[in-house]
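Source file: upload20.csv. Holds: CSV, N, CA and C atoms.
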```
chain,number,residue,atom,x,y,z
A,416,MET,N,6.9,-12.2,3.3
A,416,MET,CA,6.4,-12.9,2.1
A,416,MET,C,7.2,-12.4,0.9
A,417,ARG,N,7.9,-13.2,0.3
A,417,ARG,CA,8.7,-12.9,-0.9
A,417,ARG,C,7.9,-13.2,-2.2
A,418,LEU,N,7.8,-12.3,-3.1
A,418,LEU,CA,7.2,-12.6,-4.4
A,418,LEU,C,8.2,-12.7,-5.5
A,419,ASP,N,7.9,-13.4,-6.5
A,419,ASP,CA,8.8,-13.5,-7.7
A,419,ASP,C,8.2,-12.5,-8.7
A,420,TYR,N,9.2,-11.7,-9.2
A,420,TYR,CA,8.8,-10.7,-10.2
A,420,TYR,C,9.5,-11.0,-11.5
A,421,PRO,N,8.9,-10.6,-12.6
A,421,PRO,CA,9.6,-10.8,-13.9
A,421,PRO,C,11.0,-10.1,-13.9
A,422,ALA,N,11.8,-10.6,-14.8
A,422,ALA,CA,13.2,-10.1,-14.8
A,422,ALA,C,13.3,-8.6,-15.2
A,423,ASN,N,12.3,-8.0,-15.8
A,423,ASN,CA,12.3,-6.6,-16.2
A,423,ASN,C,11.8,-5.7,-15.1
A,424,ILE,N,11.5,-6.2,-13.9
A,424,ILE,CA,11.1,-5.4,-12.8
A,424,ILE,C,12.2,-5.4,-11.8
A,425,LYS,N,12.6,-4.2,-11.3
A,425,LYS,CA,13.6,-4.1,-10.3
A,425,LYS,C,13.1,-3.4,-9.1
A,426,ILE,N,13.2,-4.1,-8.0
A,426,ILE,CA,12.7,-3.6,-6.7
A,426,ILE,C,13.9,-3.0,-6.0
A,427,ILE,N,13.8,-1.8,-5.5
A,427,ILE,CA,14.8,-1.1,-4.7
A,427,ILE,C,14.2,-0.8,-3.4
A,428,ARG,N,14.7,-1.4,-2.4
A,428,ARG,CA,14.1,-1.1,-1.0
A,428,ARG,C,14.8,0.0,-0.3
A,429,VAL,N,14.0,0.9,0.3
A,429,VAL,CA,14.5,2.0,1.1
A,429,VAL,C,13.8,1.9,2.4
A,430,PRO,N,14.5,2.5,3.5
A,430,PRO,CA,13.8,2.4,4.8
A,430,PRO,C,12.5,3.2,4.9
A,431,CYS,N,12.4,4.2,4.0
A,431,CYS,CA,11.2,5.1,4.0
A,431,CYS,C,11.1,5.7,2.6
A,432,THR,N,9.9,5.9,2.1
A,432,THR,CA,9.7,6.5,0.8
A,432,THR,C,10.2,8.0,0.8
A,433,GLY,N,10.3,8.5,2.0
A,433,GLY,CA,10.9,9.9,2.2
A,433,GLY,C,12.4,9.9,1.7
A,434,LYS,N,13.0,8.8,1.6
A,434,LYS,CA,14.4,8.7,1.1
A,434,LYS,C,14.5,8.7,-0.4
A,435,VAL,N,13.4,8.6,-1.1
A,435,VAL,CA,13.4,8.5,-2.6
A,435,VAL,C,13.6,9.9,-3.1
A,436,ASP,N,14.7,10.1,-3.8
A,436,ASP,CA,15.1,11.4,-4.3
A,436,ASP,C,14.5,11.6,-5.8
A,437,VAL,N,14.3,12.8,-6.2
A,437,VAL,CA,13.8,13.1,-7.5
A,437,VAL,C,14.8,12.6,-8.5
A,438,MET,N,16.1,12.6,-8.3
A,438,MET,CA,17.1,12.2,-9.3
A,438,MET,C,17.0,10.7,-9.5
A,439,TYR,N,16.6,9.9,-8.5
A,439,TYR,CA,16.4,8.4,-8.6
A,439,TYR,C,15.3,8.2,-9.6
A,440,LEU,N,14.2,8.9,-9.5
A,440,LEU,CA,13.1,8.7,-10.4
A,440,LEU,C,13.4,9.1,-11.8
A,441,ILE,N,14.0,10.2,-12.0
A,441,ILE,CA,14.4,10.7,-13.3
A,441,ILE,C,15.4,9.8,-14.0
A,442,ARG,N,16.4,9.3,-13.2
A,442,ARG,CA,17.4,8.5,-13.7
A,442,ARG,C,16.9,7.2,-14.2
A,443,ALA,N,15.9,6.6,-13.5
A,443,ALA,CA,15.2,5.4,-13.9
A,443,ALA,C,14.6,5.5,-15.3
A,444,ILE,N,13.9,6.7,-15.5
A,444,ILE,CA,13.3,6.9,-16.8
A,444,ILE,C,14.4,7.1,-17.9
A,445,GLN,N,15.4,7.9,-17.5
A,445,GLN,CA,16.5,8.1,-18.5
A,445,GLN,C,17.2,6.8,-18.9
A,446,LYS,N,17.3,5.8,-18.0
A,446,LYS,CA,17.9,4.5,-18.3
A,446,LYS,C,17.0,3.6,-19.0
A,447,GLY,N,15.8,4.0,-19.3
A,447,GLY,CA,14.9,3.2,-20.2
A,447,GLY,C,13.7,2.5,-19.5
A,448,ALA,N,13.5,2.9,-18.2
A,448,ALA,CA,12.3,2.3,-17.5
A,448,ALA,C,11.0,2.8,-18.1
A,449,ASP,N,10.1,2.0,-18.4
A,449,ASP,CA,8.8,2.4,-18.9
A,449,ASP,C,8.0,3.2,-17.8
A,450,GLY,N,8.2,2.8,-16.6
A,450,GLY,CA,7.5,3.5,-15.5
A,450,GLY,C,8.2,3.2,-14.2
A,451,VAL,N,7.9,4.1,-13.2
A,451,VAL,CA,8.4,4.0,-11.8
A,451,VAL,C,7.3,4.1,-10.9
A,452,TYR,N,7.2,3.1,-10.0
A,452,TYR,CA,6.2,3.2,-8.9
A,452,TYR,C,6.9,3.4,-7.6
A,453,VAL,N,6.4,4.3,-6.8
A,453,VAL,CA,6.9,4.5,-5.4
A,453,VAL,C,5.8,4.0,-4.5
A,454,VAL,N,6.1,3.0,-3.7
A,454,VAL,CA,5.0,2.3,-2.9
A,454,VAL,C,5.4,2.5,-1.4
A,455,GLY,N,4.5,3.1,-0.6
A,455,GLY,CA,4.9,3.3,0.7
A,455,GLY,C,3.7,3.1,1.7
A,456,CYS,N,3.9,3.6,2.9
A,456,CYS,CA,2.9,3.5,4.0
A,456,CYS,C,1.6,4.3,3.6
A,457,LEU,N,0.6,3.9,4.3
A,457,LEU,CA,-0.6,4.7,4.1
A,457,LEU,C,-0.4,6.2,4.6
A,458,GLU,N,-1.0,7.1,3.9
A,458,GLU,CA,-0.7,8.5,4.4
A,458,GLU,C,-1.2,8.7,5.8
A,459,GLY,N,-0.4,9.3,6.6
A,459,GLY,CA,-0.7,9.6,8.0
A,459,GLY,C,-0.3,8.5,8.9
A,460,SER,N,0.2,7.4,8.4
A,460,SER,CA,0.7,6.3,9.3
A,460,SER,C,2.2,5.9,9.0
A,461,CYS,N,2.9,6.9,8.5
A,461,CYS,CA,4.3,6.7,8.2
A,461,CYS,C,5.1,6.5,9.5
A,462,HIS,N,6.0,5.5,9.5
A,462,HIS,CA,6.8,5.2,10.7
A,462,HIS,C,7.7,6.4,11.0
A,463,TYR,N,8.2,7.1,9.9
A,463,TYR,CA,9.1,8.2,10.0
A,463,TYR,C,8.3,9.5,10.0
A,464,ASN,N,7.1,9.5,10.4
A,464,ASN,CA,6.3,10.7,10.5
A,464,ASN,C,5.8,11.3,9.2
A,465,GLU,N,6.6,11.9,8.4
A,465,GLU,CA,6.1,12.6,7.2
A,465,GLU,C,6.8,12.2,5.9
A,466,GLY,N,7.5,11.0,6.0
A,466,GLY,CA,8.2,10.5,4.8
A,466,GLY,C,7.4,10.4,3.6
A,467,ASN,N,6.2,9.8,3.8
A,467,ASN,CA,5.3,9.5,2.6
A,467,ASN,C,4.8,10.8,2.0
A,468,PHE,N,4.6,11.9,2.8
A,468,PHE,CA,4.2,13.2,2.3
A,468,PHE,C,5.3,13.8,1.4
A,469,ARG,N,6.5,13.7,1.9
A,469,ARG,CA,7.7,14.2,1.1
A,469,ARG,C,7.8,13.5,-0.2
A,470,ALA,N,7.6,12.1,-0.1
A,470,ALA,CA,7.7,11.3,-1.3
A,470,ALA,C,6.6,11.7,-2.3
A,471,ARG,N,5.4,11.9,-1.9
A,471,ARG,CA,4.3,12.3,-2.8
A,471,ARG,C,4.6,13.7,-3.5
A,472,GLU,N,5.2,14.6,-2.7
A,472,GLU,CA,5.6,15.9,-3.3
A,472,GLU,C,6.7,15.7,-4.4
A,473,ARG,N,7.6,14.8,-4.1
A,473,ARG,CA,8.7,14.6,-5.1
A,473,ARG,C,8.1,13.9,-6.4
A,474,VAL,N,7.2,12.9,-6.2
A,474,VAL,CA,6.7,12.2,-7.3
A,474,VAL,C,5.9,13.2,-8.2
A,475,GLU,N,5.1,14.1,-7.5
A,475,GLU,CA,4.3,15.1,-8.3
A,475,GLU,C,5.3,16.0,-9.0
A,476,HIS,N,6.4,16.4,-8.4
A,476,HIS,CA,7.4,17.2,-9.1
A,476,HIS,C,7.9,16.6,-10.3
A,477,VAL,N,8.3,15.3,-10.2
A,477,VAL,CA,8.8,14.6,-11.4
A,477,VAL,C,7.7,14.4,-12.5
A,478,ARG,N,6.5,14.2,-12.1
A,478,ARG,CA,5.4,14.1,-13.0
A,478,ARG,C,5.3,15.4,-13.8
A,479,MET,N,5.4,16.6,-13.1
A,479,MET,CA,5.4,17.9,-13.8
A,479,MET,C,6.5,18.0,-14.7
A,480,LEU,N,7.7,17.6,-14.3
A,480,LEU,CA,8.9,17.7,-15.2
A,480,LEU,C,8.7,16.9,-16.4
A,481,LEU,N,8.2,15.7,-16.3
A,481,LEU,CA,8.0,14.8,-17.4
A,481,LEU,C,7.0,15.4,-18.5
A,482,GLU,N,6.0,16.0,-17.9
A,482,GLU,CA,5.0,16.7,-18.8
A,482,GLU,C,5.7,17.9,-19.6
A,483,GLU,N,6.6,18.6,-18.9
A,483,GLU,CA,7.2,19.7,-19.5
A,483,GLU,C,8.1,19.3,-20.7
A,484,ILE,N,8.7,18.1,-20.6
A,484,ILE,CA,9.6,17.7,-21.6
A,484,ILE,C,8.9,16.8,-22.7
A,485,GLY,N,7.6,16.6,-22.5
A,485,GLY,CA,6.8,15.9,-23.5
A,485,GLY,C,6.6,14.4,-23.3
A,486,LEU,N,6.9,14.0,-22.1
A,486,LEU,CA,6.6,12.6,-21.7
A,486,LEU,C,5.4,12.4,-20.9
A,487,GLU,N,4.8,11.2,-20.9
A,487,GLU,CA,3.6,11.0,-20.1
A,487,GLU,C,3.9,11.1,-18.6
A,488,ALA,N,3.1,11.9,-17.9
A,488,ALA,CA,3.3,12.0,-16.4
A,488,ALA,C,2.9,10.7,-15.7
A,489,ASP,N,2.1,9.8,-16.3
A,489,ASP,CA,1.7,8.6,-15.7
A,489,ASP,C,2.8,7.6,-15.6
A,490,ARG,N,4.0,7.9,-16.2
A,490,ARG,CA,5.1,7.0,-16.1
A,490,ARG,C,5.7,6.9,-14.7
A,491,VAL,N,5.3,7.9,-13.8
A,491,VAL,CA,5.8,7.9,-12.4
A,491,VAL,C,4.5,8.1,-11.6
A,492,ARG,N,4.4,7.1,-10.6
A,492,ARG,CA,3.2,7.2,-9.7
A,492,ARG,C,3.6,6.8,-8.3
A,493,MET,N,2.7,7.2,-7.4
A,493,MET,CA,2.9,6.9,-6.0
A,493,MET,C,1.7,6.1,-5.5
A,494,TYR,N,1.9,5.0,-4.8
A,494,TYR,CA,0.9,4.2,-4.2
A,494,TYR,C,1.1,4.1,-2.7
A,495,ASN,N,0.0,4.2,-2.0
A,495,ASN,CA,0.0,4.0,-0.5
A,495,ASN,C,-0.8,2.9,-0.2
```

Reformat the file's structure so that it appears as structure tokens.
Amino acid sequence: MRLDYPANIKIIRVPCTGKVDVMYLIRAIQKGADGVYVVGCLEGSCHYNEGNFRARERVEHVRMLLEEIGLEADRVRMYN
């Protein structure tokens, strides 16, 4: 099922959220994104075993970095 998104939303597909690197999230914010969502499998049902757990750790790390530099941590979130 394909959905139409507004022009200001960019979807980047990866085989697993475990492939999402911290630098991708930070770079999106640096380039002007208001927020970044990482959307993946339900916890415990990842096709690649632990990919969504690794992604959650990375998202939490970025949230901590954002707070340290004075930005809102809520700009980066993970949804399962």

Quiz item: CA of Met493 (chain A) and CA of Ser460 (chain A), how far apart in Å?
Solution: 15.5 Å

Quiz item: Counting all atoms listed in the file, which residues come within 7 Å of (5.7, 2.7, -10.8), with the point read in the file's coordinates, and could you list them as an NGL selection string?
Solution: :A and (450-453 or 490-493)

Quiz prompt | Interatomic distance (Å, one decimal) between CA of Arg469 (chain A) and atom C of Val435 (chain A) | solution = 8.4 Å

Exercise. Among the residues of chain A, find those DSSP assigns to helix (DSSP H, G or I) from the backbone and print them as JSON, numbers by chain.
Key: {"A": [432, 433, 434, 437, 438, 439, 440, 441, 442, 443, 444, 445, 466, 467, 468, 469, 470, 471, 472, 473, 474, 475, 476, 477, 478, 479, 480, 481, 482, 483, 488, 489, 490]}

Kindly save the residues from that selection, with N, CA and C atoms included, as a compact mmCIF listing (two decimals), keeping the file's coordinate frame.
```txt
# COMPACT_ATOMS: atom_id res chain seq x y z
N THR A 432 9.90 5.90 2.10
CA THR A 432 9.70 6.50 0.80
C THR A 432 10.20 8.00 0.80
N GLY A 433 10.30 8.50 2.00
CA GLY A 433 10.90 9.90 2.20
C GLY A 433 12.40 9.90 1.70
N LYS A 434 13.00 8.80 1.60
CA LYS A 434 14.40 8.70 1.10
C LYS A 434 14.50 8.70 -0.40
N VAL A 437 14.30 12.80 -6.20
CA VAL A 437 13.80 13.10 -7.50
C VAL A 437 14.80 12.60 -8.50
N MET A 438 16.10 12.60 -8.30
CA MET A 438 17.10 12.20 -9.30
C MET A 438 17.00 10.70 -9.50
N TYR A 439 16.60 9.90 -8.50
CA TYR A 439 16.40 8.40 -8.60
C TYR A 439 15.30 8.20 -9.60
N LEU A 440 14.20 8.90 -9.50
CA LEU A 440 13.10 8.70 -10.40
C LEU A 440 13.40 9.10 -11.80
N ILE A 441 14.00 10.20 -12.00
CA ILE A 441 14.40 10.70 -13.30
C ILE A 441 15.40 9.80 -14.00
N ARG A 442 16.40 9.30 -13.20
CA ARG A 442 17.40 8.50 -13.70
C ARG A 442 16.90 7.20 -14.20
N ALA A 443 15.90 6.60 -13.50
CA ALA A 443 15.20 5.40 -13.90
C ALA A 443 14.60 5.50 -15.30
N ILE A 444 13.90 6.70 -15.50
CA ILE A 444 13.30 6.90 -16.80
C ILE A 444 14.40 7.10 -17.90
N GLN A 445 15.40 7.90 -17.50
CA GLN A 445 16.50 8.10 -18.50
C GLN A 445 17.20 6.80 -18.90
N GLY A 466 7.50 11.00 6.00
CA GLY A 466 8.20 10.50 4.80
C GLY A 466 7.40 10.40 3.60
N ASN A 467 6.20 9.80 3.80
CA ASN A 467 5.30 9.50 2.60
C ASN A 467 4.80 10.80 2.00
N PHE A 468 4.60 11.90 2.80
CA PHE A 468 4.20 13.20 2.30
C PHE A 468 5.30 13.80 1.40
N ARG A 469 6.50 13.70 1.90
CA ARG A 469 7.70 14.20 1.10
C ARG A 469 7.80 13.50 -0.20
N ALA A 470 7.60 12.10 -0.10
CA ALA A 470 7.70 11.30 -1.30
C ALA A 470 6.60 11.70 -2.30
N ARG A 471 5.40 11.90 -1.90
CA ARG A 471 4.30 12.30 -2.80
C ARG A 471 4.60 13.70 -3.50
N GLU A 472 5.20 14.60 -2.70
CA GLU A 472 5.60 15.90 -3.30
C GLU A 472 6.70 15.70 -4.40
N ARG A 473 7.60 14.80 -4.10
CA ARG A 473 8.70 14.60 -5.10
C ARG A 473 8.10 13.90 -6.40
N VAL A 474 7.20 12.90 -6.20
CA VAL A 474 6.70 12.20 -7.30
C VAL A 474 5.90 13.20 -8.20
N GLU A 475 5.10 14.10 -7.50
CA GLU A 475 4.30 15.10 -8.30
C GLU A 475 5.30 16.00 -9.00
N HIS A 476 6.40 16.40 -8.40
CA HIS A 476 7.40 17.20 -9.10
C HIS A 476 7.90 16.60 -10.30
N VAL A 477 8.30 15.30 -10.20
CA VAL A 477 8.80 14.60 -11.40
C VAL A 477 7.70 14.40 -12.50
N ARG A 478 6.50 14.20 -12.10
CA ARG A 478 5.40 14.10 -13.00
C ARG A 478 5.30 15.40 -13.80
N MET A 479 5.40 16.60 -13.10
CA MET A 479 5.40 17.90 -13.80
C MET A 479 6.50 18.00 -14.70
N LEU A 480 7.70 17.60 -14.30
CA LEU A 480 8.90 17.70 -15.20
C LEU A 480 8.70 16.90 -16.40
N LEU A 481 8.20 15.70 -16.30
CA LEU A 481 8.00 14.80 -17.40
C LEU A 481 7.00 15.40 -18.50
N GLU A 482 6.00 16.00 -17.90
CA GLU A 482 5.00 16.70 -18.80
C GLU A 482 5.70 17.90 -19.60
N GLU A 483 6.60 18.60 -18.90
CA GLU A 483 7.20 19.70 -19.50
C GLU A 483 8.10 19.30 -20.70
N ALA A 488 3.10 11.90 -17.90
CA ALA A 488 3.30 12.00 -16.40
C ALA A 488 2.90 10.70 -15.70
N ASP A 489 2.10 9.80 -16.30
CA ASP A 489 1.70 8.60 -15.70
C ASP A 489 2.80 7.60 -15.60
N ARG A 490 4.00 7.90 -16.20
CA ARG A 490 5.10 7.00 -16.10
C ARG A 490 5.70 6.90 -14.70
```

Practice problem: Step by step: start from the point (2.2, -2.0, -1.1) in the file's coordinates, keep every protein, DNA or RNA residue that has an atom no farther than 8 Å from it, count only N, CA and C atoms, and write the set as a ChimeraX atom specification. | Solution: /A:453-456,494-495

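CA of Glu458 (chain A) is positioned 15.7 Å from CA of Pro430 (chain A).
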
Practice problem: Could you give me the residues within chain A that DSSP places in strand (DSSP E or B), as a PyMOL selection string? | Solution: chain A and resi 451-454+461+464+491-494

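Near His476 (chain A), within a cut-off of 12 Å and counting only C-alpha atoms, sit the residues Asp436, Val437, Met438, Leu440, Ile441, Arg469, Ala470, Arg471, Glu472, Arg473, Met479, Leu480, Leu481, Glu482, Glu483, Ala488, Val491, Arg492 and Met493 of chain A, with same-chain residues fewer than 3 positions away left out.
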
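Nearest residue to Ile424 (chain A) among A:Val477, A:His462, A:Tyr439, A:Gly447 is A:Gly447, counting only C-alpha atoms.
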